[in-house]
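Trainee: Can you keep this structure in mind? I'll have questions shortly.
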Amino acid sequence: MDIPLNILVYLALPALLSFSWIKYRGLEYVLIHYRWVFVCIFLLPASVVYDSLIFLRHWAVFHFNSAPKQHEKKVQNVQRQVRKWKDDGSVVQMCTARPGWSNISFRSGLYKKNLRNIEVNLFDILSVDTKDEVLHVEPLATMGQITAFLNPLGWTLPVLPELDDLTVGGLIMGVGIETSSHKKGLFQHCCIEFELVLADGSVVTCSKNENTDLFYSVPWSYGTLGFLVSAKMKIVPAKKYVKVEYMPVHTTNSMVEKFEEECKKPTGNQFVECLVYSQSEGVIMTANMTDEVEDDKINCIGRYYKPWFFKHVEEFLKKGPAVEYIPLRHYYHRHTRSIFWELQDIIPFGNNPIFRYLCGWMVPPKISFLKLTQGETIKRMYERFQIIQDMLVPMKDLKESLAVFHKETEVYPLWLCPFMLYNQPGMVHPATESDAMYVDIGAYGTPKAETYETVSTTRRLEAFVRSVKGFQMLYADSYLDRNEFHEMFDHSLYDKMRISLNCRSAFPEVYDKINRKARA
């Protein structure tokens, strides 16, 4: 059948205009500035459907209490796969089969393509013991899942990292931090027992009193000592609200001094953070759980139509100091809807009131979906035009660190999160022989510094962090060479455990999983 000419023109004209627009502005410009079309039409609805299915799955598991009964079978399945690897001659090293696009990092690991993939499908909360104050979970249980389970029962974790999709396993094998860390340490410091499947297929538990060296070696090991199959963590009583005090500061000196003062108060401030909006301005926030509120100051910031939290906080630079009461779970996930501030680069109008009211209930898109659909061109553009890094520096070097970040990146906002680094064995501990206060400087966004270039800038930041005896979070791209990596991270206990557990033929070293060459 012949198609009439007017219909062909009608169909061809939009295509021709689109092609001309892409040619005029450039493919990179269109992909960066109009990715929101694909995200809004496809990824937001897909994220809602996915989250709904996962919610129903977790609801069924919880109400039928099937997780504890199935845990042993799932662990045995991991053991079978490891023993099969041995029977097959242990030809290549092992790693989990979880796809690289499904984790929370914006980078995808390439190493999985060359290793033996082991299915570790352990997603559930196993038990909560309110008498002994212990939560028992599997490694792929998420922070959103845990707060939804614990908070209605009146309990919470001492350190509950921010984003909903962060997993227990990732926070143990990698690192986890939150605004309570200045009192409670890192996520690993809240854990009291790990259960692992080792390279020989055996199952072992470790704690401060049992297999102690293994217990202290697991954090930051990135699955290179064994497969984590469960963890036990401390829990603490929770209250319904968090009283948040906003304190704007307008000079670097006042920011650093006030921030350190609030972190070190001996009797207060369960939570402390600071959002830095320029070289000299920021808002320090302190918070404490409470059941007593002033009704006119309640702010349910987690509701879909509310402003993004970092935009809300910025308003206090003009308004001045203020107090609000935020529901506990809303506070824990206050940065989730905007993925801190990364979503503004994907959906530029995402904080517009009209968008929030019409589509805010679908936000945020799953980070895993963003990674799965980004394509090679967008990956390269992220590497060239975006920085996503967390650097951990001693509190005493915070002022100098802020100056270095401004010079090298000029990215704002910056997230400042204090944490106590305990003098314990393992890959990460203070350079001195005593506990020390550190700060996580989170830089996420598009650098405005004229001298910014991904590799050379990151190398200079890494060199500075090494010079002050700090650390780099390893979820992002690291350009450290092997010697520099060993200088930053203490491998003495880790290497000892690798030898004693026969890990060298079974698992790659941490460096071989996190260095830039192992990532997409």
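Every chain in the structure tokens has a letter given in the order shown (A, B, ...), and although residue numbers restart at 1 in each chain, ligands are simply numbered from 1 in the order shown.
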Would you please give, as a PyMOL selection string, all residues of range 95-168 of chain A that DSSP assigns to strand (DSSP E or B) based on the backbone?

Mentor: chain A and resi 95-96+109+116-118+125-129+134-137+142+155-156+167

Trainee: Excluding Tyr412 in chain A and any residue of its chain fewer than 4 positions from it, enumerate the residues within 8 Å of it, using only C-alpha atoms, and give them as JSON, numbers by chain.

Mentor: {"A": [276, 277, 278, 443, 444, 445]}

Trainee: Quick one: residues within 12 Å of Leu122 in chain A, only C-alpha atoms, excluding same-chain residues fewer than 3 positions away - as number ranges by chain?

Mentor: A: 67-68, 70-78, 96, 98, 119, 125-126, 137-142, 167-169, 227-231

Trainee: I'd like the contact shell of range 401-403 of chain A - 9 Å cut-off, only C-alpha atoms, skipping same-chain residues fewer than 3 positions apart - returned as a list in words.

Mentor: Thr252, Gln279, Val393, Asp397, Leu398, His406, Lys407, Glu408, Ile441, Phe464 and Val465 of chain A

Trainee: Based on the selection just made, write C-alpha atoms of those residues as an mmCIF file, in the first residue's frame.

Mentor:
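Wrote again01.cif, looks like this:
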```cif
data_model
loop_
_atom_site.group_PDB
_atom_site.id
_atom_site.type_symbol
_atom_site.label_atom_id
_atom_site.label_comp_id
_atom_site.auth_asym_id
_atom_site.auth_seq_id
_atom_site.Cartn_x
_atom_site.Cartn_y
_atom_site.Cartn_z
ATOM 1 C CA THR A 252 35.140 29.797 56.673
ATOM 2 C CA GLN A 279 33.797 29.090 49.887
ATOM 3 C CA VAL A 393 40.272 13.816 56.548
ATOM 4 C CA ASP A 397 42.835 19.588 58.707
ATOM 5 C CA LEU A 398 39.276 20.556 57.739
ATOM 6 C CA HIS A 406 37.582 24.785 46.353
ATOM 7 C CA LYS A 407 40.778 25.275 44.387
ATOM 8 C CA GLU A 408 40.629 21.896 42.649
ATOM 9 C CA ILE A 441 33.931 15.689 52.659
ATOM 10 C CA PHE A 464 46.515 15.803 49.581
ATOM 11 C CA VAL A 465 44.389 13.282 51.470
#
```

Trainee: Determine, counting only C-alpha atoms, which protein, DNA and RNA residues have an atom within 10 Å of an atom of Phe310 in chain A; residues of the same chain fewer than 4 positions away are not included. Present the result as a PyMOL selection string.

Mentor: chain A and resi 275+277+283+314-315+334-335+338+340-341+413+415

Trainee: Keeping only N, CA, C and O atoms, write the selected residues to a file as a tab-separated table (two decimals), in the first residue's frame.

Mentor:
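Dumped to result-v7.tsv:
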```
chain	number	residue	atom	x	y	z
A	275	LEU	N	26.16	21.54	55.39
A	275	LEU	CA	26.12	21.70	53.94
A	275	LEU	C	26.82	23.01	53.61
A	275	LEU	O	26.43	24.08	54.10
A	277	TYR	N	27.78	25.80	50.96
A	277	TYR	CA	27.20	26.31	49.72
A	277	TYR	C	28.14	27.21	48.92
A	277	TYR	O	27.86	27.51	47.76
A	283	VAL	N	25.53	25.86	56.18
A	283	VAL	CA	24.54	25.71	57.25
A	283	VAL	C	24.90	24.48	58.05
A	283	VAL	O	24.94	23.36	57.51
A	314	GLU	N	19.29	25.56	52.30
A	314	GLU	CA	19.95	26.76	51.76
A	314	GLU	C	19.19	28.03	52.12
A	314	GLU	O	19.79	29.11	52.27
A	315	GLU	N	17.88	27.92	52.28
A	315	GLU	CA	17.07	29.10	52.60
A	315	GLU	C	17.46	29.72	53.94
A	315	GLU	O	17.27	30.93	54.16
A	334	ARG	N	16.53	12.05	54.32
A	334	ARG	CA	16.28	13.43	53.87
A	334	ARG	C	16.94	13.77	52.54
A	334	ARG	O	16.47	14.63	51.81
A	335	HIS	N	18.06	13.13	52.23
A	335	HIS	CA	18.75	13.41	50.96
A	335	HIS	C	18.38	12.41	49.85
A	335	HIS	O	18.90	12.51	48.74
A	338	SER	N	16.47	13.62	46.31
A	338	SER	CA	17.29	14.35	45.34
A	338	SER	C	18.64	13.69	45.13
A	338	SER	O	19.50	14.26	44.45
A	340	PHE	N	21.11	13.29	47.22
A	340	PHE	CA	21.85	14.46	47.69
A	340	PHE	C	21.49	15.62	46.76
A	340	PHE	O	20.42	16.16	46.89
A	341	TRP	N	22.33	16.00	45.81
A	341	TRP	CA	21.95	17.03	44.83
A	341	TRP	C	22.27	16.60	43.41
A	341	TRP	O	22.26	17.39	42.49
A	413	PRO	N	26.84	22.18	46.52
A	413	PRO	CA	27.22	22.06	47.91
A	413	PRO	C	28.27	20.97	48.14
A	413	PRO	O	28.43	20.06	47.32
A	415	TRP	N	29.16	18.17	51.28
A	415	TRP	CA	28.58	17.54	52.47
A	415	TRP	C	29.69	17.28	53.47
A	415	TRP	O	30.67	16.60	53.15
```

Trainee: May I have the residues within 10 Å of range 239-244 of chain A as number ranges by chain, using only C-alpha atoms and disregarding those fewer than 6 positions away in the same chain?

Mentor: A: 151-152, 154-156, 269-272, 285-294, 297-300, 322-332

Trainee: In Å, how far is it from CA of Ile54 in chain A to CA of Thr130 in chain A?

Mentor: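 Answer for the CA of Ile54 in chain A to CA of Thr130 in chain A separation: 25.9 Å.
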
Trainee: Check the smallest atom-to-atom distance from each of A:Ser434, A:Asn352, A:Gln81, A:Thr373 to Gly201 in chain A using only C-alpha atoms, then report the winner.

Mentor: A:Gln81

Trainee: I'd like the contact shell of Pro248 in chain A - 10 Å cut-off, only C-alpha atoms, skipping same-chain residues fewer than 2 positions apart - returned as a PyMOL selection string.

Mentor: chain A and resi 245-246+250-251+254-255+274-276+281-285+313-322
